[in-house]
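**Student:** Let me begin by handing over the structure; questions about it come next.
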Amino acid sequence: MLASSGAALAQAKPGAKPLAGETIKLVRIDALSGLMAPVGGNQLKSYQFFAEKFSVNNPAGVKFEVSGIDNKLSPTETLNALKAALDQGVRYVIQGNGSSVAAALIDAVNKHNERNPGKEVVYLNDAAVDPDFTNSKCSYWHFRFDADTSMKMEALTTFMKDQPDIKKVYLLNQNYSHGHQVAKFAKENLSRKRPDVQIVGEDLHPLAQVRDFAPYIAKIKASGADTVITGNWGSDLSLLVKAANEGGYNGKFYTYYTGVTGTPTALGTGGAGRVYQVSYNHYNMGGQMDAWMKEFNQKFNDDFYTGSVIHIFTVLSQAMANAKSSDPVKVAAAMEGLKVKSFNGEVEVRKADHQLQQPLYITVWQKADAKFPYSPEKTGMTLVPVKEFPSYVSSTPTSCQMKRPGGASS
């Protein structure tokens with residue numbers, strides 16, 4: 001899976017390894033304790049697994065080394081973690097879980113780079129999907145490798161508009177920027193594509209604090225909702241679907257993060273045919289991805305699901321090869337507009353806002369079979385693809401006014 005570049009910069013010559021032997025240190029700042037620790041722990045293992053893979057073969061010839069710092073899902077702890085990473089000489093930081101954390105990190109990286117020319121840092125975002133980060137709060141130093149909330153909701157509601165059984169929708173989300181955006185874009189998209197659909201209830205709950213969702217399920221049942229839309233992740237989705245199973249709620253769930261640690265086990269067979277996910281990857285991608293997932297599972301007794309890890313190593317190594325440098329300023333410039341071949345086809349780092357453009361998939365929770373065999377958390381179930389949306393369908397416009405080094409803006 002060698003990357004192929006569509007950037008204006010000169011393509012690295014085949015076989016040329018301009019930075020052969022150089023070690024690139026990356027730090028992932030994310031939750032490694034608390035209710036969301038299983039997710040953060042899984043993702044750190046994912047980075048270390050693929051750092052090893054890409055260190056063997058990448059177009060720049062660099063070696064990758066990844067360590068993690070626990071931010072306890074706190075913006076304040078994140079700023080402390082960033083300082084610790086900078087003190088270690090790290091120039092590439094990674095974060096994903098929690099858009100409130102991501103907002104603090106974008107601001108801190110911007111300030112650091114402004115005050116410390118020659119010591120710039122690039123922030124690689126693998127999962128924080130608040131659309132503001134590539135619109136009003138866009139930054140030259142921030143690159144997002146997940147699809148943002150507006151992109152996912154565009155794809156999800158394009159699928160939902162053709163489902164005649166959807167008549168009454170309940171919105172249940174976490175009470176922070178990501179949850180607010182999911183609700184906002186769900187209402188906007190449904191009113192445009194399916195004005196007949198009623199929003200019969202809406203709730204926001206504290207992030208990573210609720211241990212019993214039974215009261216929420218009771219409200220959903222009382223509302224008469226046949227469908228729930230939720231951007232919940234980690235324990236907040238696992239415990240929600242567990243409560244739905246136990247409370248006898250038989251409606252459908254349209255989600256962003258069904259495949260993430262803990263949720264497959266909570267679902268078991270109870271959500272068969274009723275739980276949908278929109279994502280840029282799933283458990284049955286085929287090809288090299290299948291081989292990697294099998295190896296990851298054997299090594300860690302865990303499931304790989306954060307495909308943006310692969311995007312990051314693919315884009316970063318190709319950009320370094322093109323720039324013939326590991327300097328973040330030059331690498332950031334080389335990442336702009338870069339097109340590479342990744343596990344879900346050709347993807348592009350959109351120059352205007354640094355939002356990766358990529359295909360999205362709608363999958364449904366069903367029994368694993370010979371065609372779709374991968375079973376997360378040994379549930380006997382899997383996520384089966386039912387619809388693929390090419391990049392141009394899920395792409396959404398940007399209002400980003402990018403301020404680039406030297407004062408130029410797009």
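Scheme for the structure tokens: letters A, B, ... for chains in order shown; per-chain residue numbers from 1; ligand numbers from 1 in order shown.
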Give me, as a tab-separated table, the closest atom pair and its distance (Å, one decimal) for every residue of segment 300-358 of chain A within a cut-off of 10 Å of segment 130-138 of chain A, counting only C-alpha atoms, rows sorted by chain and rising number.
**Tutor:**
```
residue	atom	partner	partner_atom	distance
A:Ala352	CA	A:Thr134	CA	8.7
A:Asp353	CA	A:Thr134	CA	5.2
A:His354	CA	A:Thr134	CA	6.8
A:Gln355	CA	A:Thr134	CA	6.3
```
**Student:** Would you write out those residues with N, CA, C and O atoms, as a PDB file, in the first residue's frame?
**Tutor:**
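Writing done, so here's out_1.pdb:
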```pdb
ATOM      1  N   ALA A 352      -8.026  23.615   1.130  1.00  0.00           N
ATOM      2  CA  ALA A 352      -8.745  24.766   1.684  1.00  0.00           C
ATOM      3  C   ALA A 352      -8.888  24.714   3.196  1.00  0.00           C
ATOM      4  O   ALA A 352      -8.871  25.756   3.868  1.00  0.00           O
ATOM      5  N   ASP A 353      -9.054  23.490   3.757  1.00  0.00           N
ATOM      6  CA  ASP A 353      -9.352  23.406   5.196  1.00  0.00           C
ATOM      7  C   ASP A 353      -8.664  22.244   5.916  1.00  0.00           C
ATOM      8  O   ASP A 353      -8.851  22.065   7.113  1.00  0.00           O
ATOM      9  N   HIS A 354      -7.883  21.435   5.182  1.00  0.00           N
ATOM     10  CA  HIS A 354      -7.163  20.292   5.763  1.00  0.00           C
ATOM     11  C   HIS A 354      -8.105  19.190   6.256  1.00  0.00           C
ATOM     12  O   HIS A 354      -7.780  18.437   7.176  1.00  0.00           O
ATOM     13  N   GLN A 355      -9.282  19.098   5.641  1.00  0.00           N
ATOM     14  CA  GLN A 355     -10.243  18.029   5.924  1.00  0.00           C
ATOM     15  C   GLN A 355     -10.051  16.923   4.891  1.00  0.00           C
ATOM     16  O   GLN A 355     -10.163  17.165   3.688  1.00  0.00           O
TER      17      GLN A 355
END
```
**Student:** What's the 10 Å shell around Val62 of chain A, counting only C-alpha atoms, without same-chain residues fewer than 3 positions away, as an MDAnalysis selection string?
**Tutor:** chainID A and resid 17:24 54:59 65 317 320:321 326
**Student:** Could you pull out all residues of segment 137-264 of chain A with a DSSP call of strand (DSSP E) and give them as a list in words?
**Tutor:** His142, Phe143, Arg144, Lys168, Val169, Tyr170, Leu171, Leu172, Asn173, Gln174, Gln198, Ile199, Val200, Gly201, Glu202, Asp203, Leu204, His205, Thr227, Val228, Ile229, Thr230, Lys252, Phe253, Tyr254 and Thr255 of chain A
**Student:** Using DSSP on the backbone coordinates, identify all residues within segment 113-239 of chain A classified as helix (DSSP H, G or I); present the result as a ChimeraX atom specification.
**Tutor:** /A:113-115,131-134,149-160,177-193,214-223,235-239
**Student:** May I have the selected residues written with N, CA and C atoms, as a short mmCIF file (atom, residue, chain, number, x, y, z; two decimals), in the first residue's frame?
**Tutor:**
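This went into selection-v5.cif:
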```cif
data_model
loop_
_atom_site.label_atom_id
_atom_site.label_comp_id
_atom_site.auth_asym_id
_atom_site.auth_seq_id
_atom_site.Cartn_x
_atom_site.Cartn_y
_atom_site.Cartn_z
N ASN A 113 3.09 27.81 17.98
CA ASN A 113 3.79 27.99 16.70
C ASN A 113 4.04 29.47 16.39
N GLU A 114 3.12 30.31 16.82
CA GLU A 114 3.28 31.75 16.60
C GLU A 114 4.45 32.30 17.43
N ARG A 115 4.58 31.76 18.63
CA ARG A 115 5.60 32.28 19.57
C ARG A 115 6.96 31.61 19.41
N PRO A 131 -17.38 20.07 13.08
CA PRO A 131 -17.11 20.73 11.80
C PRO A 131 -16.42 22.09 11.92
N ASP A 132 -16.56 22.75 13.06
CA ASP A 132 -15.93 24.06 13.23
C ASP A 132 -14.42 24.02 13.02
N PHE A 133 -13.81 22.84 13.29
CA PHE A 133 -12.35 22.75 13.21
C PHE A 133 -11.82 22.89 11.79
N THR A 134 -12.69 22.67 10.81
CA THR A 134 -12.27 22.89 9.42
C THR A 134 -13.15 23.96 8.76
N THR A 149 -18.65 15.68 11.40
CA THR A 149 -20.05 15.39 11.69
C THR A 149 -20.97 15.74 10.53
N SER A 150 -20.71 16.87 9.87
CA SER A 150 -21.58 17.26 8.76
C SER A 150 -21.47 16.28 7.60
N MET A 151 -20.26 15.77 7.34
CA MET A 151 -20.07 14.77 6.28
C MET A 151 -20.80 13.48 6.60
N LYS A 152 -20.63 13.02 7.84
CA LYS A 152 -21.28 11.76 8.24
C LYS A 152 -22.80 11.88 8.22
N MET A 153 -23.30 13.03 8.69
CA MET A 153 -24.75 13.20 8.72
C MET A 153 -25.31 13.36 7.30
N GLU A 154 -24.53 13.95 6.41
CA GLU A 154 -24.94 14.05 5.00
C GLU A 154 -25.15 12.65 4.43
N ALA A 155 -24.19 11.77 4.67
CA ALA A 155 -24.30 10.39 4.17
C ALA A 155 -25.43 9.63 4.88
N LEU A 156 -25.48 9.76 6.21
CA LEU A 156 -26.46 9.01 7.00
C LEU A 156 -27.89 9.38 6.60
N THR A 157 -28.16 10.67 6.47
CA THR A 157 -29.53 11.09 6.14
C THR A 157 -29.87 10.84 4.67
N THR A 158 -28.86 10.80 3.81
CA THR A 158 -29.10 10.40 2.41
C THR A 158 -29.59 8.96 2.36
N PHE A 159 -29.04 8.13 3.23
CA PHE A 159 -29.50 6.73 3.36
C PHE A 159 -30.88 6.69 4.02
N MET A 160 -31.06 7.44 5.10
CA MET A 160 -32.30 7.39 5.88
C MET A 160 -33.51 7.89 5.09
N SER A 177 -19.62 19.86 22.41
CA SER A 177 -19.73 20.35 21.03
C SER A 177 -20.10 19.27 20.02
N HIS A 178 -19.50 18.08 20.12
CA HIS A 178 -19.79 17.01 19.16
C HIS A 178 -21.28 16.63 19.21
N GLY A 179 -21.81 16.39 20.43
CA GLY A 179 -23.22 16.01 20.56
C GLY A 179 -24.15 17.09 20.04
N HIS A 180 -23.82 18.35 20.31
CA HIS A 180 -24.63 19.47 19.82
C HIS A 180 -24.65 19.49 18.29
N GLN A 181 -23.48 19.24 17.68
CA GLN A 181 -23.38 19.28 16.22
C GLN A 181 -24.15 18.13 15.58
N VAL A 182 -24.09 16.95 16.19
CA VAL A 182 -24.85 15.80 15.65
C VAL A 182 -26.34 16.15 15.59
N ALA A 183 -26.86 16.68 16.71
CA ALA A 183 -28.27 17.05 16.76
C ALA A 183 -28.61 18.13 15.73
N LYS A 184 -27.76 19.13 15.65
CA LYS A 184 -27.99 20.26 14.73
C LYS A 184 -28.05 19.77 13.28
N PHE A 185 -27.04 19.01 12.86
CA PHE A 185 -27.00 18.57 11.46
C PHE A 185 -28.06 17.51 11.16
N ALA A 186 -28.45 16.71 12.16
CA ALA A 186 -29.54 15.74 11.95
C ALA A 186 -30.84 16.48 11.65
N LYS A 187 -31.14 17.52 12.44
CA LYS A 187 -32.38 18.28 12.23
C LYS A 187 -32.36 19.00 10.87
N GLU A 188 -31.25 19.62 10.55
CA GLU A 188 -31.15 20.35 9.28
C GLU A 188 -31.31 19.42 8.08
N ASN A 189 -30.60 18.30 8.11
CA ASN A 189 -30.64 17.36 6.98
C ASN A 189 -31.99 16.69 6.83
N LEU A 190 -32.58 16.27 7.95
CA LEU A 190 -33.88 15.60 7.86
C LEU A 190 -34.97 16.55 7.39
N SER A 191 -34.92 17.79 7.85
CA SER A 191 -35.97 18.75 7.43
C SER A 191 -35.88 19.01 5.93
N ARG A 192 -34.67 18.90 5.39
CA ARG A 192 -34.47 19.13 3.95
C ARG A 192 -34.83 17.89 3.12
N LYS A 193 -34.44 16.72 3.62
CA LYS A 193 -34.58 15.50 2.82
C LYS A 193 -35.85 14.71 3.12
N ALA A 214 -31.23 3.67 31.52
CA ALA A 214 -32.62 3.21 31.55
C ALA A 214 -33.63 4.37 31.53
N PRO A 215 -33.39 5.46 32.29
CA PRO A 215 -34.36 6.58 32.24
C PRO A 215 -34.47 7.20 30.83
N TYR A 216 -33.36 7.25 30.12
CA TYR A 216 -33.39 7.79 28.75
C TYR A 216 -34.17 6.86 27.82
N ILE A 217 -33.97 5.56 27.98
CA ILE A 217 -34.69 4.59 27.15
C ILE A 217 -36.20 4.68 27.43
N ALA A 218 -36.56 4.88 28.70
CA ALA A 218 -37.99 5.03 29.05
C ALA A 218 -38.58 6.25 28.34
N LYS A 219 -37.84 7.35 28.29
CA LYS A 219 -38.31 8.56 27.60
C LYS A 219 -38.45 8.32 26.09
N ILE A 220 -37.48 7.60 25.53
CA ILE A 220 -37.51 7.29 24.09
C ILE A 220 -38.74 6.45 23.77
N LYS A 221 -38.99 5.42 24.60
CA LYS A 221 -40.17 4.56 24.37
C LYS A 221 -41.47 5.36 24.50
N ALA A 222 -41.51 6.22 25.50
CA ALA A 222 -42.72 7.02 25.74
C ALA A 222 -42.99 8.00 24.60
N SER A 223 -41.93 8.42 23.91
CA SER A 223 -42.08 9.39 22.82
C SER A 223 -42.68 8.77 21.56
N SER A 235 -18.25 4.30 26.38
CA SER A 235 -19.20 3.79 27.38
C SER A 235 -20.59 4.41 27.19
N ASP A 236 -20.65 5.62 26.65
CA ASP A 236 -21.95 6.28 26.48
C ASP A 236 -22.80 5.62 25.40
N LEU A 237 -22.19 4.91 24.47
CA LEU A 237 -22.99 4.15 23.50
C LEU A 237 -23.20 2.72 23.99
N SER A 238 -22.15 2.13 24.56
CA SER A 238 -22.27 0.75 25.07
C SER A 238 -23.39 0.64 26.10
N LEU A 239 -23.40 1.56 27.05
CA LEU A 239 -24.41 1.50 28.11
C LEU A 239 -25.80 1.88 27.60
#
```
**Student:** Nearest to Gln401 of chain A among A:Gly61, A:Thr261, A:Gly271, A:Tyr140, with distances taken over only C-alpha atoms: which residue is it?
**Tutor:**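 Of all the options, A:Tyr140 lies closest to Gln401 of chain A.
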**Student:** Name the residues in contact with Ala243 of chain A at a cut-off of 8 Å, using only C-alpha atoms, excluding same-chain residues fewer than 2 positions from it; report them as JSON, numbers by chain.
**Tutor:** {"A": [212, 213, 214, 217, 239, 240, 241, 245, 246, 247]}
**Student:** Have a look at atom CA of Asn42 of chain A and atom CA of Asn125 of chain A and let me know their distance in Å, one decimal.
**Tutor:**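 These two atoms are separated by 16.2 Å.
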**Student:** Quick one: residues within 7 Å of Val349 of chain A, only C-alpha atoms, excluding same-chain residues fewer than 2 positions away - as a tab-separated table (two decimals) with N, CA and C atoms, in the first residue's frame?
**Tutor:**
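The resulting file, result.tsv, is reproduced below:
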```tsv
chain	number	residue	atom	x	y	z
A	335	MET	N	1.51	18.27	2.78
A	335	MET	CA	0.25	17.54	3.01
A	335	MET	C	-0.92	18.23	2.34
A	336	GLU	N	-0.84	19.53	2.16
A	336	GLU	CA	-1.95	20.27	1.54
A	336	GLU	C	-2.21	19.80	0.11
A	337	GLY	N	-3.42	19.37	-0.16
A	337	GLY	CA	-3.79	18.91	-1.50
A	337	GLY	C	-3.29	17.53	-1.85
A	338	LEU	N	-2.64	16.86	-0.92
A	338	LEU	CA	-2.05	15.54	-1.19
A	338	LEU	C	-3.14	14.50	-1.41
A	339	LYS	N	-2.97	13.72	-2.46
A	339	LYS	CA	-3.85	12.57	-2.72
A	339	LYS	C	-3.04	11.31	-2.54
A	347	VAL	N	-7.86	9.05	-1.27
A	347	VAL	CA	-8.32	10.08	-0.34
A	347	VAL	C	-7.49	11.34	-0.60
A	351	LYS	N	-6.98	21.13	0.42
A	351	LYS	CA	-6.07	22.24	0.74
A	351	LYS	C	-6.78	23.36	1.48
A	354	HIS	N	-7.88	21.44	5.18
A	354	HIS	CA	-7.16	20.29	5.76
A	354	HIS	C	-8.11	19.19	6.26
A	355	GLN	N	-9.28	19.10	5.64
A	355	GLN	CA	-10.24	18.03	5.92
A	355	GLN	C	-10.05	16.92	4.89
A	356	LEU	N	-9.77	15.69	5.37
A	356	LEU	CA	-9.61	14.57	4.44
A	356	LEU	C	-10.93	14.28	3.75
A	357	GLN	N	-10.88	14.16	2.44
A	357	GLN	CA	-12.05	13.78	1.64
A	357	GLN	C	-11.93	12.28	1.36
```
**Student:** Skip Lys378 of chain A itself and residues of its chain fewer than 4 positions away, then list as a list in words all residues within 12 Å of it, counting only C-alpha atoms.
**Tutor:** Thr261, Gly262, Pro264, Thr265, Ala266, Leu267, Gly268, Thr269, Asn297, Asn301, Asp302, Asp303, Lys367, Ala368, Pro373, Tyr374 and Thr382 of chain A
**Student:** Keeping only N, CA and C atoms, write the selected residues to a file as a PDB file, in the first residue's frame.
**Tutor:**
```pdb
ATOM      1  N   THR A 261     -14.748  -0.061  20.884  1.00  0.00           N
ATOM      2  CA  THR A 261     -14.605  -0.922  22.057  1.00  0.00           C
ATOM      3  C   THR A 261     -15.808  -0.891  23.001  1.00  0.00           C
ATOM      4  N   GLY A 262     -16.312  -2.087  23.319  1.00  0.00           N
ATOM      5  CA  GLY A 262     -17.384  -2.237  24.308  1.00  0.00           C
ATOM      6  C   GLY A 262     -18.777  -2.272  23.724  1.00  0.00           C
ATOM      7  N   PRO A 264     -19.888  -3.502  20.638  1.00  0.00           N
ATOM      8  CA  PRO A 264     -20.307  -4.796  20.100  1.00  0.00           C
ATOM      9  C   PRO A 264     -20.773  -5.773  21.182  1.00  0.00           C
ATOM     10  N   THR A 265     -20.037  -5.840  22.294  1.00  0.00           N
ATOM     11  CA  THR A 265     -20.414  -6.745  23.387  1.00  0.00           C
ATOM     12  C   THR A 265     -21.754  -6.330  23.988  1.00  0.00           C
ATOM     13  N   ALA A 266     -21.946  -5.029  24.181  1.00  0.00           N
ATOM     14  CA  ALA A 266     -23.207  -4.542  24.754  1.00  0.00           C
ATOM     15  C   ALA A 266     -24.387  -4.861  23.837  1.00  0.00           C
ATOM     16  N   LEU A 267     -24.165  -4.796  22.540  1.00  0.00           N
ATOM     17  CA  LEU A 267     -25.227  -5.098  21.580  1.00  0.00           C
ATOM     18  C   LEU A 267     -25.554  -6.578  21.565  1.00  0.00           C
ATOM     19  N   GLY A 268     -24.502  -7.413  21.550  1.00  0.00           N
ATOM     20  CA  GLY A 268     -24.718  -8.850  21.409  1.00  0.00           C
ATOM     21  C   GLY A 268     -25.559  -9.123  20.172  1.00  0.00           C
ATOM     22  N   THR A 269     -26.515 -10.018  20.293  1.00  0.00           N
ATOM     23  CA  THR A 269     -27.397 -10.312  19.156  1.00  0.00           C
ATOM     24  C   THR A 269     -28.666  -9.467  19.216  1.00  0.00           C
ATOM     25  N   ASN A 297      -5.769  -8.513  15.948  1.00  0.00           N
ATOM     26  CA  ASN A 297      -6.603  -9.279  16.875  1.00  0.00           C
ATOM     27  C   ASN A 297      -5.806 -10.393  17.545  1.00  0.00           C
ATOM     28  N   ASN A 301      -5.590  -9.469  21.200  1.00  0.00           N
ATOM     29  CA  ASN A 301      -6.926  -9.948  21.581  1.00  0.00           C
ATOM     30  C   ASN A 301      -7.893  -8.763  21.652  1.00  0.00           C
ATOM     31  N   ASP A 302      -7.830  -7.925  20.626  1.00  0.00           N
ATOM     32  CA  ASP A 302      -8.615  -6.699  20.555  1.00  0.00           C
ATOM     33  C   ASP A 302      -8.893  -6.422  19.085  1.00  0.00           C
ATOM     34  N   ASP A 303      -9.807  -5.497  18.805  1.00  0.00           N
ATOM     35  CA  ASP A 303     -10.196  -5.207  17.424  1.00  0.00           C
ATOM     36  C   ASP A 303      -9.656  -3.863  16.965  1.00  0.00           C
ATOM     37  N   LYS A 367     -25.577 -10.905  11.935  1.00  0.00           N
ATOM     38  CA  LYS A 367     -24.812 -12.124  12.197  1.00  0.00           C
ATOM     39  C   LYS A 367     -23.670 -12.235  11.191  1.00  0.00           C
ATOM     40  N   ALA A 368     -22.476 -12.555  11.686  1.00  0.00           N
ATOM     41  CA  ALA A 368     -21.331 -12.749  10.790  1.00  0.00           C
ATOM     42  C   ALA A 368     -21.564 -14.000   9.947  1.00  0.00           C
ATOM     43  N   PRO A 373     -17.081 -12.126   7.544  1.00  0.00           N
ATOM     44  CA  PRO A 373     -16.759 -13.018   8.654  1.00  0.00           C
ATOM     45  C   PRO A 373     -16.220 -12.357   9.919  1.00  0.00           C
ATOM     46  N   TYR A 374     -15.709 -11.123   9.821  1.00  0.00           N
ATOM     47  CA  TYR A 374     -15.010 -10.576  10.990  1.00  0.00           C
ATOM     48  C   TYR A 374     -15.999 -10.273  12.117  1.00  0.00           C
ATOM     49  N   THR A 382     -21.409  -8.857  13.242  1.00  0.00           N
ATOM     50  CA  THR A 382     -20.480  -7.975  12.530  1.00  0.00           C
ATOM     51  C   THR A 382     -21.244  -6.784  11.967  1.00  0.00           C
TER      52      THR A 382
END
```
**Student:** Using only C-alpha atoms for the distances, tell me which of A:Ser375, A:Asn322, A:His112, A:Val101 is nearest to Lys294 of chain A.
**Tutor:**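 The shortest atom-to-atom distance to Lys294 of chain A comes from A:Ser375.
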**Student:** Give me, as a VMD selection string, all polymer residues having an atom no more than 7 Å from segment 165-173 of chain A, counting only C-alpha atoms and skipping those fewer than 5 positions away in the same chain.
**Tutor:** chain A and resid 179 183 197 to 205 220 225 to 232
**Student:** Generate a file of the selected residues that holds all heavy atoms, formatted as a compact mmCIF listing (two decimals), in the first residue's frame.
**Tutor:**
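So the final result, stored in selection-v6.txt, reads:
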```txt
# COMPACT_ATOMS: atom_id res chain seq x y z
N GLY A 179 -21.81 16.39 20.43
CA GLY A 179 -23.22 16.01 20.56
C GLY A 179 -24.15 17.09 20.04
O GLY A 179 -25.17 16.80 19.39
N ALA A 183 -26.86 16.68 16.71
CA ALA A 183 -28.27 17.05 16.76
C ALA A 183 -28.61 18.13 15.73
O ALA A 183 -29.62 18.04 15.01
CB ALA A 183 -28.63 17.51 18.17
N VAL A 197 -40.69 13.55 8.47
CA VAL A 197 -40.20 12.90 9.69
C VAL A 197 -40.33 13.86 10.88
O VAL A 197 -39.96 15.02 10.80
CB VAL A 197 -38.72 12.46 9.52
CG1 VAL A 197 -38.11 12.07 10.87
CG2 VAL A 197 -38.63 11.28 8.55
N GLN A 198 -40.88 13.35 11.97
CA GLN A 198 -41.04 14.15 13.19
C GLN A 198 -39.86 13.93 14.14
O GLN A 198 -39.44 12.79 14.34
CB GLN A 198 -42.29 13.72 13.95
CG GLN A 198 -43.59 14.19 13.38
CD GLN A 198 -44.74 13.66 14.25
OE1 GLN A 198 -45.29 12.60 13.99
NE2 GLN A 198 -45.06 14.38 15.32
N ILE A 199 -39.33 15.00 14.72
CA ILE A 199 -38.38 14.86 15.83
C ILE A 199 -39.23 14.85 17.10
O ILE A 199 -39.82 15.87 17.48
CB ILE A 199 -37.37 16.04 15.88
CG1 ILE A 199 -36.65 16.20 14.53
CG2 ILE A 199 -36.37 15.85 17.02
CD1 ILE A 199 -35.73 15.09 14.14
N VAL A 200 -39.35 13.69 17.74
CA VAL A 200 -40.29 13.54 18.86
C VAL A 200 -39.63 13.71 20.22
O VAL A 200 -40.30 13.65 21.26
CB VAL A 200 -41.03 12.18 18.78
CG1 VAL A 200 -41.93 12.15 17.56
CG2 VAL A 200 -40.05 11.02 18.78
N GLY A 201 -38.32 13.91 20.24
CA GLY A 201 -37.63 14.11 21.51
C GLY A 201 -36.17 14.42 21.28
O GLY A 201 -35.60 14.04 20.25
N GLU A 202 -35.58 15.13 22.23
CA GLU A 202 -34.16 15.47 22.12
C GLU A 202 -33.58 15.59 23.52
O GLU A 202 -34.15 16.26 24.38
CB GLU A 202 -33.99 16.79 21.36
CG GLU A 202 -32.54 17.17 21.16
CD GLU A 202 -32.37 18.41 20.29
OE1 GLU A 202 -33.37 18.92 19.75
OE2 GLU A 202 -31.22 18.88 20.18
N ASP A 203 -32.47 14.91 23.74
CA ASP A 203 -31.81 14.95 25.05
C ASP A 203 -30.31 15.08 24.87
O ASP A 203 -29.73 14.52 23.93
CB ASP A 203 -32.08 13.66 25.84
CG ASP A 203 -33.18 13.84 26.87
OD1 ASP A 203 -33.18 14.90 27.54
OD2 ASP A 203 -34.02 12.93 27.01
N LEU A 204 -29.68 15.80 25.81
CA LEU A 204 -28.23 15.86 25.92
C LEU A 204 -27.86 15.39 27.32
O LEU A 204 -28.53 15.76 28.29
CB LEU A 204 -27.73 17.29 25.70
CG LEU A 204 -27.93 17.86 24.30
CD1 LEU A 204 -27.76 19.37 24.30
CD2 LEU A 204 -26.95 17.22 23.30
N HIS A 205 -26.85 14.56 27.44
CA HIS A 205 -26.45 14.05 28.76
C HIS A 205 -24.96 14.28 28.97
O HIS A 205 -24.20 14.45 28.01
CB HIS A 205 -26.80 12.56 28.88
CG HIS A 205 -26.04 11.70 27.91
ND1 HIS A 205 -24.74 11.29 28.15
CD2 HIS A 205 -26.38 11.19 26.70
CE1 HIS A 205 -24.32 10.55 27.12
NE2 HIS A 205 -25.29 10.48 26.23
N ILE A 220 -37.48 7.60 25.53
CA ILE A 220 -37.51 7.29 24.09
C ILE A 220 -38.74 6.45 23.77
O ILE A 220 -39.47 6.72 22.81
CB ILE A 220 -36.21 6.59 23.66
CG1 ILE A 220 -35.02 7.57 23.74
CG2 ILE A 220 -36.34 6.02 22.24
CD1 ILE A 220 -33.65 6.91 23.64
N ALA A 225 -40.86 7.05 19.46
CA ALA A 225 -39.83 7.09 18.42
C ALA A 225 -39.57 5.71 17.85
O ALA A 225 -39.43 4.73 18.60
CB ALA A 225 -38.53 7.66 18.99
N ASP A 226 -39.51 5.63 16.52
CA ASP A 226 -39.13 4.37 15.88
C ASP A 226 -37.64 4.34 15.58
O ASP A 226 -37.08 3.31 15.20
CB ASP A 226 -39.93 4.15 14.57
CG ASP A 226 -39.87 5.35 13.64
OD1 ASP A 226 -38.76 5.73 13.21
OD2 ASP A 226 -40.94 5.92 13.34
N THR A 227 -36.97 5.49 15.76
CA THR A 227 -35.56 5.62 15.39
C THR A 227 -34.85 6.57 16.35
O THR A 227 -35.41 7.59 16.74
CB THR A 227 -35.44 6.20 13.95
OG1 THR A 227 -36.11 5.32 13.05
CG2 THR A 227 -33.99 6.34 13.52
N VAL A 228 -33.62 6.20 16.72
CA VAL A 228 -32.77 7.07 17.54
C VAL A 228 -31.53 7.43 16.73
O VAL A 228 -30.91 6.55 16.12
CB VAL A 228 -32.33 6.37 18.85
CG1 VAL A 228 -31.37 7.25 19.64
CG2 VAL A 228 -33.54 6.00 19.70
N ILE A 229 -31.20 8.72 16.70
CA ILE A 229 -29.92 9.15 16.12
C ILE A 229 -29.01 9.56 17.27
O ILE A 229 -29.39 10.38 18.11
CB ILE A 229 -30.09 10.33 15.14
CG1 ILE A 229 -30.91 9.91 13.93
CG2 ILE A 229 -28.73 10.86 14.69
CD1 ILE A 229 -31.19 11.04 12.93
N THR A 230 -27.81 8.98 17.32
CA THR A 230 -26.88 9.30 18.39
C THR A 230 -25.44 9.34 17.89
O THR A 230 -25.02 8.48 17.11
CB THR A 230 -27.00 8.30 19.56
OG1 THR A 230 -26.07 8.67 20.59
CG2 THR A 230 -26.73 6.87 19.13
N GLY A 231 -24.72 10.35 18.35
CA GLY A 231 -23.28 10.42 18.08
C GLY A 231 -22.47 9.88 19.25
O GLY A 231 -21.25 10.02 19.28
N ASN A 232 -23.15 9.24 20.22
CA ASN A 232 -22.46 8.72 21.40
C ASN A 232 -21.34 7.77 21.02
O ASN A 232 -21.42 7.05 20.02
CB ASN A 232 -23.45 7.98 22.32
CG ASN A 232 -24.26 8.94 23.17
OD1 ASN A 232 -24.38 10.12 22.86
ND2 ASN A 232 -24.85 8.42 24.23
```
**Student:** Within 12 Å of segment 79-86 of chain A, counting only C-alpha atoms, which residues qualify if same-chain residues fewer than 6 places away don't, as a VMD selection string?
**Tutor:** chain A and resid 25 to 31 66 to 73 92 to 95 101 to 109 111 to 113 116 119 to 123
**Student:** Which of these, A:Pro405, A:Pro359, A:Val275, A:Thr263, has the shortest distance to Asn250 of chain A once you count only C-alpha atoms?
**Tutor:** A:Val275
**Student:** Between atom CA of Val340 of chain A and atom CA of Thr314 of chain A, measure the distance and give it in Å to one decimal.
**Tutor:**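 Answer for the atom CA of Val340 of chain A to atom CA of Thr314 of chain A separation: 7.4 Å.
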**Student:** Of the candidates A:Leu316, A:Leu124, A:Ala244, A:Val39, which one gets nearest to Phe145 of chain A if we count only C-alpha atoms?
**Tutor:**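 Between A:Leu316, A:Leu124, A:Ala244, A:Val39, the residue approaching Phe145 of chain A most closely is A:Leu124.
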**Student:** Calculated over only C-alpha atoms, which of the candidates A:Ala291, A:Ser279, A:Ser395, A:Pro328 has the smallest distance to Ile362 of chain A?
**Tutor:**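 Residue with the minimum atom-to-atom distance to Ile362 of chain A: A:Ser279.
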**Student:** From the set A:Gln48, A:Gln88, A:Ser391, A:Thr379, which residue has the shortest atom-to-atom contact distance to Gln366 of chain A, counting only C-alpha atoms?
**Tutor:** A:Thr379
